[in-house]
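This is structure_5.csv. It holds CSV, C-alpha atoms and all ligand atoms.
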```
chain,number,residue,atom,x,y,z
D,1,MET,CA,170.5,33.5,-79.0
D,2,ASP,CA,169.6,29.9,-79.8
D,3,SER,CA,170.0,28.6,-76.2
D,4,LYS,CA,167.8,31.5,-74.9
D,5,LEU,CA,165.2,30.8,-77.5
D,6,LYS,CA,165.2,27.1,-76.4
D,7,LYS,CA,164.7,28.2,-72.8
D,8,LEU,CA,161.9,30.5,-73.9
D,9,ALA,CA,160.3,27.7,-76.0
D,10,SER,CA,160.4,25.4,-73.0
D,11,LEU,CA,158.7,28.0,-70.8
D,12,ILE,CA,156.0,28.6,-73.3
D,13,LYS,CA,155.4,24.9,-73.6
D,14,SER,CA,155.2,24.4,-69.9
D,15,LYS,CA,152.0,23.4,-68.2
D,16,ASP,CA,149.4,26.3,-67.8
D,17,ALA,CA,151.9,28.8,-69.3
D,18,LYS,CA,150.8,32.4,-69.1
D,19,VAL,CA,152.3,34.9,-71.5
D,20,ILE,CA,152.2,38.7,-71.3
D,21,PHE,CA,153.6,41.1,-73.9
D,22,PHE,CA,155.0,44.6,-73.7
D,23,VAL,CA,155.5,45.9,-77.2
D,24,GLY,CA,156.4,49.0,-79.2
D,25,ALA,CA,157.1,50.5,-82.6
D,26,GLY,CA,159.8,47.9,-83.4
D,27,ILE,CA,157.2,45.1,-83.9
D,28,SER,CA,155.7,47.2,-86.7
D,29,THR,CA,158.9,48.3,-88.6
D,30,ASN,CA,158.8,45.2,-90.7
D,31,CYS,CA,155.3,46.2,-91.8
D,32,GLY,CA,156.8,49.4,-93.2
D,33,ILE,CA,155.9,51.8,-90.3
D,34,PRO,CA,159.0,53.6,-89.1
D,35,ASP,CA,159.6,53.6,-85.4
D,36,PHE,CA,160.6,56.8,-83.6
D,37,ARG,CA,164.2,56.4,-82.6
D,38,SER,CA,166.0,54.0,-85.0
D,39,PRO,CA,168.8,56.1,-86.6
D,40,LYS,CA,168.2,57.1,-90.2
D,41,THR,CA,164.9,55.2,-90.6
D,42,GLY,CA,163.1,56.4,-87.5
D,43,LEU,CA,160.3,59.1,-87.7
D,44,TYR,CA,162.3,61.5,-85.5
D,45,SER,CA,165.1,61.6,-88.1
D,46,ASN,CA,162.6,62.1,-90.9
D,47,LEU,CA,160.5,64.9,-89.6
D,48,GLN,CA,162.4,67.8,-91.2
D,49,LYS,CA,159.6,68.3,-93.7
D,50,LEU,CA,157.3,69.1,-90.9
D,51,ASN,CA,159.4,72.0,-89.7
D,52,LEU,CA,159.1,71.0,-86.0
D,53,PRO,CA,160.9,72.9,-83.2
D,54,PHE,CA,161.7,69.5,-81.7
D,55,PRO,CA,160.8,66.0,-83.0
D,56,GLU,CA,158.5,65.0,-80.1
D,57,ALA,CA,156.4,68.2,-80.9
D,58,VAL,CA,154.4,66.1,-83.4
D,59,PHE,CA,152.8,64.3,-80.4
D,60,ASP,CA,152.9,67.3,-78.0
D,61,ILE,CA,149.5,68.5,-77.0
D,62,ASN,CA,150.6,72.1,-76.5
D,63,TYR,CA,152.2,72.2,-79.9
D,64,PHE,CA,149.2,70.6,-81.5
D,65,LYS,CA,146.9,73.3,-80.0
D,66,ARG,CA,149.0,75.9,-82.0
D,67,ASN,CA,149.9,73.8,-85.0
D,68,PRO,CA,147.9,70.7,-85.7
D,69,LYS,CA,149.1,70.3,-89.3
D,70,ALA,CA,152.2,68.3,-88.3
D,71,PHE,CA,150.2,65.7,-86.5
D,72,TYR,CA,147.6,65.4,-89.3
D,73,THR,CA,150.4,65.0,-91.8
D,74,LEU,CA,151.9,62.1,-89.7
D,75,ALA,CA,148.4,60.7,-89.1
D,76,GLU,CA,148.1,60.1,-92.8
D,77,GLU,CA,151.2,57.9,-92.7
D,78,MET,CA,150.1,55.9,-89.7
D,79,TYR,CA,146.3,55.7,-90.2
D,80,PRO,CA,145.1,52.1,-89.5
D,81,GLY,CA,144.4,50.2,-92.7
D,82,LYS,CA,147.5,51.1,-94.5
D,83,TYR,CA,149.7,48.3,-93.3
D,84,LEU,CA,149.6,44.5,-92.7
D,85,PRO,CA,150.6,42.9,-89.4
D,86,SER,CA,154.0,41.4,-89.0
D,87,LYS,CA,154.9,37.8,-88.0
D,88,PHE,CA,155.4,39.1,-84.5
D,89,HIS,CA,151.8,40.4,-84.5
D,90,TYR,CA,150.6,37.0,-85.7
D,91,PHE,CA,152.7,35.3,-83.0
D,92,ILE,CA,150.7,37.3,-80.3
D,93,ARG,CA,147.5,36.1,-82.1
D,94,LEU,CA,148.9,32.5,-82.1
D,95,CYS,CA,149.4,32.7,-78.3
D,96,GLN,CA,145.7,33.7,-78.0
D,97,GLU,CA,144.7,30.7,-80.2
D,98,LYS,CA,146.9,28.5,-77.9
D,99,LYS,CA,145.1,30.0,-74.9
D,100,ILE,CA,148.3,31.2,-73.2
D,101,LEU,CA,148.0,34.9,-74.0
D,102,LYS,CA,147.1,36.8,-70.9
D,103,ARG,CA,147.7,40.4,-72.0
D,104,CYS,CA,149.4,42.5,-74.6
D,105,TYR,CA,150.4,46.0,-73.5
D,106,THR,CA,151.2,48.0,-76.6
D,107,GLN,CA,152.5,51.5,-77.1
D,108,ASN,CA,151.6,51.4,-80.8
D,109,ILE,CA,148.7,53.4,-82.3
D,110,ASP,CA,148.7,51.4,-85.6
D,111,ALA,CA,146.1,48.9,-84.2
D,112,LEU,CA,147.9,46.0,-85.9
D,113,GLU,CA,147.4,43.7,-82.9
D,114,ARG,CA,143.6,44.1,-83.6
D,115,VAL,CA,144.2,43.6,-87.3
D,116,ALA,CA,146.0,40.4,-86.6
D,117,GLY,CA,143.0,39.2,-84.7
D,118,VAL,CA,144.0,39.7,-81.1
D,119,HIS,CA,140.8,40.2,-79.1
D,120,GLU,CA,140.4,43.6,-77.5
D,121,ASP,CA,140.1,42.1,-74.0
D,122,TYR,CA,143.7,41.1,-74.2
D,123,ILE,CA,145.0,44.4,-75.7
D,124,VAL,CA,145.9,47.5,-73.7
D,125,GLU,CA,146.6,50.3,-76.1
D,126,ALA,CA,148.5,52.4,-73.6
D,127,HIS,CA,149.0,55.3,-76.0
D,128,GLY,CA,145.4,55.2,-77.3
D,129,SER,CA,144.4,54.7,-80.9
D,130,PHE,CA,142.5,56.2,-83.8
D,131,ALA,CA,139.3,54.5,-82.7
D,132,LYS,CA,137.6,57.6,-81.3
D,133,ILE,CA,137.9,61.3,-82.0
D,134,HIS,CA,137.2,64.1,-79.5
D,135,CYS,CA,137.4,67.9,-79.3
D,136,ILE,CA,140.6,68.9,-77.4
D,137,LYS,CA,138.7,71.7,-75.6
D,138,CYS,CA,135.0,70.7,-74.9
D,139,HIS,CA,135.7,66.9,-75.3
D,140,THR,CA,132.6,66.5,-77.5
D,141,GLU,CA,133.0,63.3,-79.5
D,142,MET,CA,133.1,63.5,-83.3
D,143,ASP,CA,132.1,60.4,-85.3
D,144,SER,CA,134.8,59.3,-87.6
D,145,VAL,CA,132.7,59.7,-90.7
D,146,THR,CA,132.3,63.4,-90.0
D,147,TRP,CA,135.9,63.6,-89.1
D,148,LYS,CA,136.9,62.1,-92.4
D,149,LYS,CA,134.6,64.5,-94.3
D,150,LEU,CA,136.0,67.5,-92.5
D,151,MET,CA,139.5,66.4,-93.2
D,152,LYS,CA,138.8,66.8,-96.9
D,153,LYS,CA,138.6,70.5,-96.3
D,154,GLY,CA,141.5,70.9,-94.0
D,155,ILE,CA,142.1,70.4,-90.2
D,156,PRO,CA,138.9,69.2,-88.6
D,157,ARG,CA,137.3,71.4,-85.9
D,158,CYS,CA,134.7,70.7,-83.3
D,159,GLN,CA,131.2,71.4,-84.5
D,160,LYS,CA,130.2,72.7,-81.1
D,161,CYS,CA,133.1,75.0,-80.0
D,162,LYS,CA,135.3,75.2,-83.1
D,163,SER,CA,138.4,74.0,-81.4
D,164,TYR,CA,140.6,71.3,-83.0
D,165,VAL,CA,139.6,67.7,-82.7
D,166,LYS,CA,142.0,64.8,-82.6
D,167,PRO,CA,141.9,61.0,-82.4
D,168,ASP,CA,142.3,59.6,-78.8
D,169,ILE,CA,146.0,59.0,-79.3
D,170,VAL,CA,147.8,59.9,-76.1
D,171,PHE,CA,150.0,62.9,-76.6
D,172,PHE,CA,152.9,64.0,-74.4
D,173,GLY,CA,151.2,66.0,-71.7
D,174,GLU,CA,148.0,63.8,-71.6
D,175,SER,CA,147.0,61.0,-69.3
D,176,LEU,CA,146.9,57.4,-70.4
D,177,PRO,CA,143.6,55.5,-70.7
D,178,ALA,CA,141.9,54.2,-67.5
D,179,LYS,CA,142.1,50.7,-68.9
D,180,PHE,CA,145.9,50.9,-68.7
D,181,PHE,CA,145.9,51.7,-65.0
D,182,ASP,CA,143.0,49.4,-64.1
D,183,LEU,CA,144.5,46.3,-65.8
D,184,TRP,CA,148.1,47.0,-64.7
D,185,GLU,CA,146.9,47.3,-61.1
D,186,LYS,CA,145.7,43.7,-61.6
D,187,ASP,CA,148.4,42.3,-63.9
D,188,SER,CA,151.3,43.7,-61.8
D,189,LYS,CA,150.2,41.5,-58.9
D,190,ASP,CA,150.0,38.4,-61.1
D,191,ASP,CA,152.8,35.8,-61.8
D,192,PHE,CA,153.2,35.0,-65.5
D,193,THR,CA,155.4,32.3,-67.0
D,194,VAL,CA,157.0,34.8,-69.4
D,195,ALA,CA,156.9,38.6,-70.0
D,196,ILE,CA,158.0,39.2,-73.6
D,197,VAL,CA,159.2,42.8,-74.1
D,198,ALA,CA,159.7,43.5,-77.8
D,199,GLY,CA,160.5,46.3,-80.3
D,200,THR,CA,160.6,49.2,-77.8
D,201,SER,CA,163.3,51.5,-76.5
D,202,LEU,CA,161.4,51.8,-73.2
D,203,GLU,CA,161.9,55.5,-73.2
D,204,VAL,CA,158.3,56.6,-72.8
D,205,TYR,CA,156.9,56.7,-69.2
D,206,PRO,CA,154.9,55.3,-67.5
D,207,PHE,CA,155.0,52.4,-69.9
D,208,ALA,CA,158.8,52.1,-69.6
D,209,VAL,CA,158.5,51.0,-65.9
D,210,LEU,CA,156.2,48.1,-66.5
D,211,PRO,CA,158.9,45.5,-67.1
D,212,SER,CA,160.6,46.5,-63.9
D,213,GLU,CA,157.3,46.1,-62.0
D,214,ILE,CA,156.6,42.6,-63.2
D,215,SER,CA,156.7,39.9,-60.6
D,216,SER,CA,160.1,38.4,-59.8
D,217,LYS,CA,158.5,35.0,-60.5
D,218,THR,CA,158.0,35.9,-64.1
D,219,THR,CA,160.9,35.3,-66.6
D,220,ARG,CA,161.4,38.5,-68.5
D,221,VAL,CA,162.4,38.3,-72.2
D,222,LEU,CA,163.7,41.2,-74.3
D,223,ILE,CA,163.6,40.8,-78.1
D,224,ASN,CA,164.9,44.1,-79.4
D,225,ARG,CA,167.7,45.5,-81.6
D,226,GLU,CA,169.2,47.1,-78.6
D,227,ILE,CA,169.3,46.6,-74.8
D,228,CYS,CA,167.3,49.1,-72.9
D,229,ALA,CA,166.0,50.4,-69.6
D,230,ASP,CA,165.7,47.9,-66.7
D,231,PHE,CA,167.3,45.1,-68.8
D,232,GLU,CA,170.4,47.2,-68.8
D,233,ASP,CA,170.1,49.1,-65.5
D,234,CYS,CA,168.7,46.4,-63.2
D,235,PRO,CA,169.0,43.1,-64.9
D,236,ARG,CA,167.6,40.0,-63.3
D,237,LYS,CA,169.5,36.7,-63.3
D,238,SER,CA,166.6,35.0,-65.1
D,239,ASP,CA,166.3,37.6,-67.9
D,240,LEU,CA,166.6,36.3,-71.4
D,241,VAL,CA,167.9,39.1,-73.6
D,242,MET,CA,168.0,38.6,-77.4
D,243,LEU,CA,169.3,41.5,-79.5
D,244,ALA,CA,167.6,40.5,-82.7
D,245,ASP,CA,164.9,41.4,-85.2
D,246,CYS,CA,161.5,40.5,-83.8
D,247,ASP,CA,160.3,38.5,-86.8
D,248,HIS,CA,163.6,36.7,-87.1
D,249,ALA,CA,163.3,35.6,-83.4
D,250,VAL,CA,159.7,34.6,-83.9
D,251,ASN,CA,160.6,32.5,-86.9
D,252,LYS,CA,163.1,30.5,-84.9
D,253,LEU,CA,160.9,30.3,-81.8
D,254,VAL,CA,157.9,28.9,-83.7
D,255,ASP,CA,160.2,26.3,-85.2
D,256,LEU,CA,161.3,25.2,-81.7
D,257,LEU,CA,157.7,25.2,-80.6
D,258,GLY,CA,156.6,23.2,-83.6
D,259,TRP,CA,154.1,26.0,-84.3
D,260,GLN,CA,155.5,27.0,-87.7
D,261,ASP,CA,152.5,25.6,-89.6
D,262,ASP,CA,150.0,27.2,-87.2
D,263,LEU,CA,151.6,30.6,-87.8
D,264,GLU,CA,151.8,30.1,-91.5
D,265,ILE,CA,148.1,29.2,-91.6
D,266,LEU,CA,147.2,32.4,-89.9
D,267,ILE,CA,149.3,34.4,-92.3
D,268,GLU,CA,148.2,32.5,-95.4
D,269,GLU,CA,144.6,32.9,-94.4
D,270,GLY,CA,145.2,36.6,-94.3
D,271,LYS,CA,146.8,36.6,-97.7
D,272,LYS,CA,143.8,34.7,-99.2
D,273,LEU,CA,141.4,37.1,-97.6
D,274,ILE,CA,143.2,40.0,-99.3
D,275,GLU,CA,142.2,38.4,-102.7
D,276,SER,CA,138.6,38.5,-101.7
D,277,PRO,CA,136.9,41.8,-102.3
D,278,ALA,CA,135.4,43.3,-99.1
D,279,THR,CA,132.9,45.8,-97.8
D,280,PHE,CA,133.3,47.4,-94.4
D,281,THR,CA,133.6,50.7,-92.6
D,282,LEU,CA,136.7,51.6,-90.8
D,283,GLU,CA,134.9,51.6,-87.4
D,284,ASP,CA,134.3,47.8,-87.8
D,285,SER,CA,137.7,46.8,-86.7
D,286,TYR,CA,137.2,48.8,-83.5
D,287,THR,CA,133.7,47.6,-82.7
D,288,THR,CA,132.9,46.9,-79.1
D,289,ASP,CA,129.3,45.9,-79.9
D,290,LYS,CA,129.3,42.3,-78.7
D,291,LYS,CA,125.9,41.7,-80.4
D,292,LYS,CA,127.7,42.1,-83.8
D,293,LYS,CA,129.6,38.9,-83.1
D,294,THR,CA,132.0,39.6,-85.8
D,295,SER,CA,134.3,36.6,-86.2
D,296,GLU,CA,138.0,37.0,-85.8
D,297,ALA,CA,138.4,35.9,-89.5
D,298,GLU,CA,136.0,38.6,-90.6
D,299,LYS,CA,137.8,41.2,-88.6
D,300,THR,CA,141.1,40.1,-90.2
D,301,ALA,CA,139.4,40.2,-93.6
D,302,ARG,CA,138.3,43.7,-93.1
D,303,ALA,CA,141.7,44.8,-91.9
D,304,LEU,CA,143.4,43.2,-94.8
D,305,ALA,CA,140.9,44.7,-97.3
D,306,LYS,CA,141.9,48.1,-96.0
D,307,LYS,CA,145.4,47.3,-97.1
D,308,VAL,CA,144.2,46.3,-100.6
D,309,ALA,CA,142.3,49.5,-100.9
D,310,GLU,CA,145.3,51.5,-99.9
D,311,VAL,CA,147.7,49.6,-102.3
D,312,GLU,CA,145.3,49.5,-105.3
D,313,LYS,CA,143.4,52.7,-105.1
D,314,VAL,CA,144.8,55.4,-102.9
D,315,ALA,CA,148.4,55.0,-102.0
D,316,THR,CA,150.2,57.8,-103.7
D,317,PRO,CA,153.4,59.5,-102.7
D,318,GLY,CA,153.2,63.2,-101.6
D,319,LYS,CA,149.6,63.0,-100.4
D,320,ASP,CA,147.8,66.1,-99.3
D,321,ASP,CA,145.3,66.5,-96.4
D,322,THR,CA,142.5,64.7,-98.2
D,323,SER,CA,144.3,61.4,-98.7
D,324,VAL,CA,143.0,59.8,-95.5
D,325,ASP,CA,139.5,60.4,-96.7
D,326,GLU,CA,140.4,59.0,-100.1
D,327,LEU,CA,141.8,55.9,-98.4
D,328,ILE,CA,138.5,55.4,-96.6
D,329,LYS,CA,136.4,56.0,-99.8
D,330,GLY,CA,138.5,53.3,-101.5
D,331,ILE,CA,138.1,50.9,-98.6
D,332,GLU,CA,134.3,51.4,-98.5
D,333,LYS,CA,134.0,50.5,-102.2
D,334,ILE,CA,135.3,46.9,-101.7
D,335,ASP,CA,133.0,43.9,-101.0
D,336,ILE,CA,133.7,40.9,-98.9
D,337,LYS,CA,132.4,38.0,-100.9
D,338,SER,CA,133.9,35.1,-99.0
D,339,VAL,CA,135.5,34.8,-95.6
D,340,ARG,CA,137.2,31.5,-94.8
D,341,ALA,CA,137.6,31.0,-91.1
D,342,LYS,CA,140.0,28.5,-89.7
D,343,LYS,CA,138.5,26.8,-86.7
D,401,LIG,P1,161.0,53.7,-80.3
D,401,LIG,O1,161.5,54.6,-79.2
D,401,LIG,O2,161.2,54.2,-81.7
D,401,LIG,O3,161.8,52.3,-80.1
D,401,LIG,C1,161.7,51.3,-81.1
D,401,LIG,C2,162.7,50.2,-80.6
D,401,LIG,O4,162.5,49.0,-81.4
D,401,LIG,C3,164.2,50.5,-80.8
D,401,LIG,O5,164.8,50.1,-79.6
D,401,LIG,C4,164.6,49.8,-82.0
D,401,LIG,O6,166.0,49.4,-81.9
D,401,LIG,C5,163.7,48.6,-81.9
D,401,LIG,N1,163.4,48.0,-83.2
D,401,LIG,C6,163.1,48.6,-84.4
D,401,LIG,N2,162.8,47.7,-85.3
D,401,LIG,C7,163.0,46.4,-84.8
D,401,LIG,C8,162.8,45.1,-85.2
D,401,LIG,N3,162.4,44.8,-86.5
D,401,LIG,N4,163.1,44.1,-84.4
D,401,LIG,C9,163.5,44.4,-83.1
D,401,LIG,N5,163.7,45.6,-82.6
D,401,LIG,C10,163.4,46.6,-83.4
D,401,LIG,O7,159.5,53.2,-80.1
D,401,LIG,P2,158.8,52.9,-78.7
D,401,LIG,O8,157.6,52.1,-79.1
D,401,LIG,O9,159.7,52.3,-77.7
D,401,LIG,O10,158.3,54.3,-78.2
D,401,LIG,C11,157.0,54.6,-77.8
D,401,LIG,C12,156.3,55.5,-78.8
D,401,LIG,C13,156.5,55.2,-80.2
D,401,LIG,C14,154.8,55.4,-78.6
D,401,LIG,O11,154.3,56.6,-78.0
D,401,LIG,C15,154.2,55.1,-79.9
D,401,LIG,O12,153.0,55.7,-80.1
D,401,LIG,C16,155.2,55.6,-80.9
D,401,LIG,N6,155.2,55.0,-82.2
D,401,LIG,C17,154.3,54.1,-82.6
D,401,LIG,C18,154.3,53.6,-83.9
D,401,LIG,C19,153.3,52.6,-84.3
D,401,LIG,O13,152.2,52.6,-83.8
D,401,LIG,N7,153.7,51.6,-85.2
D,401,LIG,C20,155.3,54.0,-84.8
D,401,LIG,C21,156.2,55.0,-84.4
D,401,LIG,C22,156.2,55.5,-83.1
```

Now that the file is in, can you turn its structure into structure tokens?
Ligand code: CNA
Amino acid sequence: MDSKLKKLASLIKSKDAKVIFFVGAGISTNCGIPDFRSPKTGLYSNLQKLNLPFPEAVFDINYFKRNPKAFYTLAEEMYPGKYLPSKFHYFIRLCQEKKILKRCYTQNIDALERVAGVHEDYIVEAHGSFAKIHCIKCHTEMDSVTWKKLMKKGIPRCQKCKSYVKPDIVFFGESLPAKFFDLWEKDSKDDFTVAIVAGTSLEVYPFAVLPSEISSKTTRVLINREICADFEDCPRKSDLVMLADCDHAVNKLVDLLGWQDDLEILIEEGKKLIESPATFTLEDSYTTDKKKKTSEAEKTARALAKKVAEVEKVATPGKDDTSVDELIKGIEKIDIKSVRAKK
């Protein structure tokens, strides 16, 4: 792996380097969020309690229409605010700080790229996120405050037509967000210095084909516990495949780049912010209102404070349907007193 990391480091250090990421659940397993398919620890092998006919049913729109309880149970586990970003997430942020990040296509719905401070212009959440909630029938939007209130009483329903509502997470059987197609149309024609594919089994389409469509002038890198998809079926001579833990690889990579201190500062800044009490609403980390001009540090502070709220006030094993709401109540009680931004 070392010689491949050296090659990757030299590409990243090259003049006008442009880096694009394609990531999945494996970059968040070190944060404590299980992936889907890892044996024993993956969500699919731990879904017995939900009594599903097949594991993917939890994200299947037709199953949801009949039985939304399974998804809402899982949503409690994965709701943004419960977890801190990994080193790998902060490495993506560091690429942004170094002005070499061009895009990050993520399959994850945990929003940890945003929590780590990656700007939304760079992020394509291919499978959506918890940011907005809509009725599955009449598509009326529900604001998240109402959604959270309704969740206290059970499975939330549309106030207009009484059908179920769900966050805009892309389920099997639903289309991907327009942003995914619009930006891929552009990015697929571009040449990047490196395309880093990490923490994904590349089994979900159409995301799975992106690395195969990347320009042949781009060096493809796979950092994953297993080889997968195009890296196995149609390898390119220039591919750099590293079967490794994402954070372990990032540790070694930043050493080679001489960026260890920069990465540590980002992470340490986050830890210090955790110690500062904070006030925010959950929507803040998703805001698109440019007028708000929320600094990256504030965004990170808010996200980290969510974790504090969860750890200190609301995280209890065996939660019922109201726990998401309790989480948010806990979060809203906290005040940000100081935010130290690194410029
Ligand atoms: P997956 O199919 O579960 O694959 C994960 C891959 O990551 C596997 O190949 C693992 O071997 C590998 N892996 C796990 N941990 C590490 C690690 N620490 N270092 C390196 N490799 C690791 O998940 P995909 O993302 O490929 O599948 C796409 C699904 C998963 C999307 O629809 C997501 O919404 C969904 N998902 C998201 C999350 C999340 O948001 N964190 C969690 C679980 C599932």

Produce a table with one row for each residue of chain D that has an atom at most 9 Å from any atom of ligand LIG 401 (chain D), each row naming the nearest atom pair and its distance in Å at one decimal; use only C-alpha atoms and all ligand atoms; arrange rows by chain and rising residue number; format as CSV.
```
residue,atom,partner,partner_atom,distance
D:Val23,CA,D:LIG401,O8,6.8
D:Gly24,CA,D:LIG401,O8,3.3
D:Ala25,CA,D:LIG401,O8,3.9
D:Gly26,CA,D:LIG401,C6,3.5
D:Ile27,CA,D:LIG401,C8,5.7
D:Ser28,CA,D:LIG401,N7,5.1
D:Thr29,CA,D:LIG401,N2,5.1
D:Asn30,CA,D:LIG401,N3,5.5
D:Cys31,CA,D:LIG401,N7,8.7
D:Gly32,CA,D:LIG401,N7,8.9
D:Ile33,CA,D:LIG401,N7,5.6
D:Pro34,CA,D:LIG401,C21,5.6
D:Asp35,CA,D:LIG401,C21,3.8
D:Phe36,CA,D:LIG401,O2,3.3
D:Arg37,CA,D:LIG401,O2,3.8
D:Ser38,CA,D:LIG401,C4,5.3
D:Pro39,CA,D:LIG401,O6,8.6
D:Gly42,CA,D:LIG401,O2,6.5
D:Leu43,CA,D:LIG401,C21,6.7
D:Tyr44,CA,D:LIG401,O2,8.3
D:Phe59,CA,D:LIG401,O11,8.2
D:Met78,CA,D:LIG401,O13,7.1
D:Thr106,CA,D:LIG401,O8,8.0
D:Gln107,CA,D:LIG401,C14,4.8
D:Asn108,CA,D:LIG401,O13,3.3
D:Ile109,CA,D:LIG401,O13,3.9
D:Asp110,CA,D:LIG401,O13,4.1
D:Ala111,CA,D:LIG401,O13,7.1
D:Leu112,CA,D:LIG401,N7,8.1
D:Ala126,CA,D:LIG401,O11,8.4
D:His127,CA,D:LIG401,O12,5.7
D:Gly128,CA,D:LIG401,O12,8.1
D:Ser129,CA,D:LIG401,O13,8.6
D:Ile169,CA,D:LIG401,O12,7.8
D:Val170,CA,D:LIG401,O11,7.5
D:Phe171,CA,D:LIG401,O11,7.8
D:Phe172,CA,D:LIG401,O11,8.3
D:Ala198,CA,D:LIG401,C9,6.6
D:Gly199,CA,D:LIG401,O4,3.5
D:Thr200,CA,D:LIG401,O9,3.2
D:Ser201,CA,D:LIG401,O5,3.7
D:Leu202,CA,D:LIG401,O9,4.8
D:Glu203,CA,D:LIG401,O9,5.9
D:Val204,CA,D:LIG401,C11,5.5
D:Tyr205,CA,D:LIG401,C11,8.9
D:Phe207,CA,D:LIG401,C11,8.4
D:Ala208,CA,D:LIG401,O9,8.2
D:Ile223,CA,D:LIG401,C9,6.2
D:Asn224,CA,D:LIG401,N5,3.7
D:Arg225,CA,D:LIG401,N5,4.1
D:Glu226,CA,D:LIG401,O6,5.1
D:Ile227,CA,D:LIG401,O5,7.5
D:Cys228,CA,D:LIG401,O5,7.2
D:Leu243,CA,D:LIG401,C9,7.4
D:Ala244,CA,D:LIG401,C9,5.7
D:Asp245,CA,D:LIG401,N4,3.3
D:Cys246,CA,D:LIG401,N4,4.0
D:Asp247,CA,D:LIG401,N3,6.6
D:His248,CA,D:LIG401,N4,7.9
D:Ala249,CA,D:LIG401,N4,8.6
```

> Which one is closest to Cys158 of chain D: D:Val145, D:Cys138, D:Phe180, D:Phe22? Count only C-alpha atoms.
Replying inline: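 Answer, going by the shortest atom-to-atom distance: D:Cys138.
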
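You will find atom CA of Val197 of chain D at 9.4 Å from atom CA of Tyr105 of chain D.
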
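In terms of minimum interatomic distance to Ala70 of chain D, D:Leu50 ranks closest within D:Leu84, D:Leu150, D:Leu50, D:Ile265, counting only C-alpha atoms.
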
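Distance-wise, atom CA of Gln260 of chain D and atom CA of Asp239 of chain D end up 24.9 Å apart.
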
> Using all atoms listed in the file, which residue out of D:Val165, D:Ile214, D:Leu47, D:Leu263 lies closest to Glu185 of chain D?
Replying inline: D:Ile214

> So what do you get for atom CA of Lys65 of chain D versus atom CA of Asp168 of chain D, distance-wise?
Replying inline: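 Going from atom CA of Lys65 of chain D over to atom CA of Asp168 of chain D, I get 14.5 Å.
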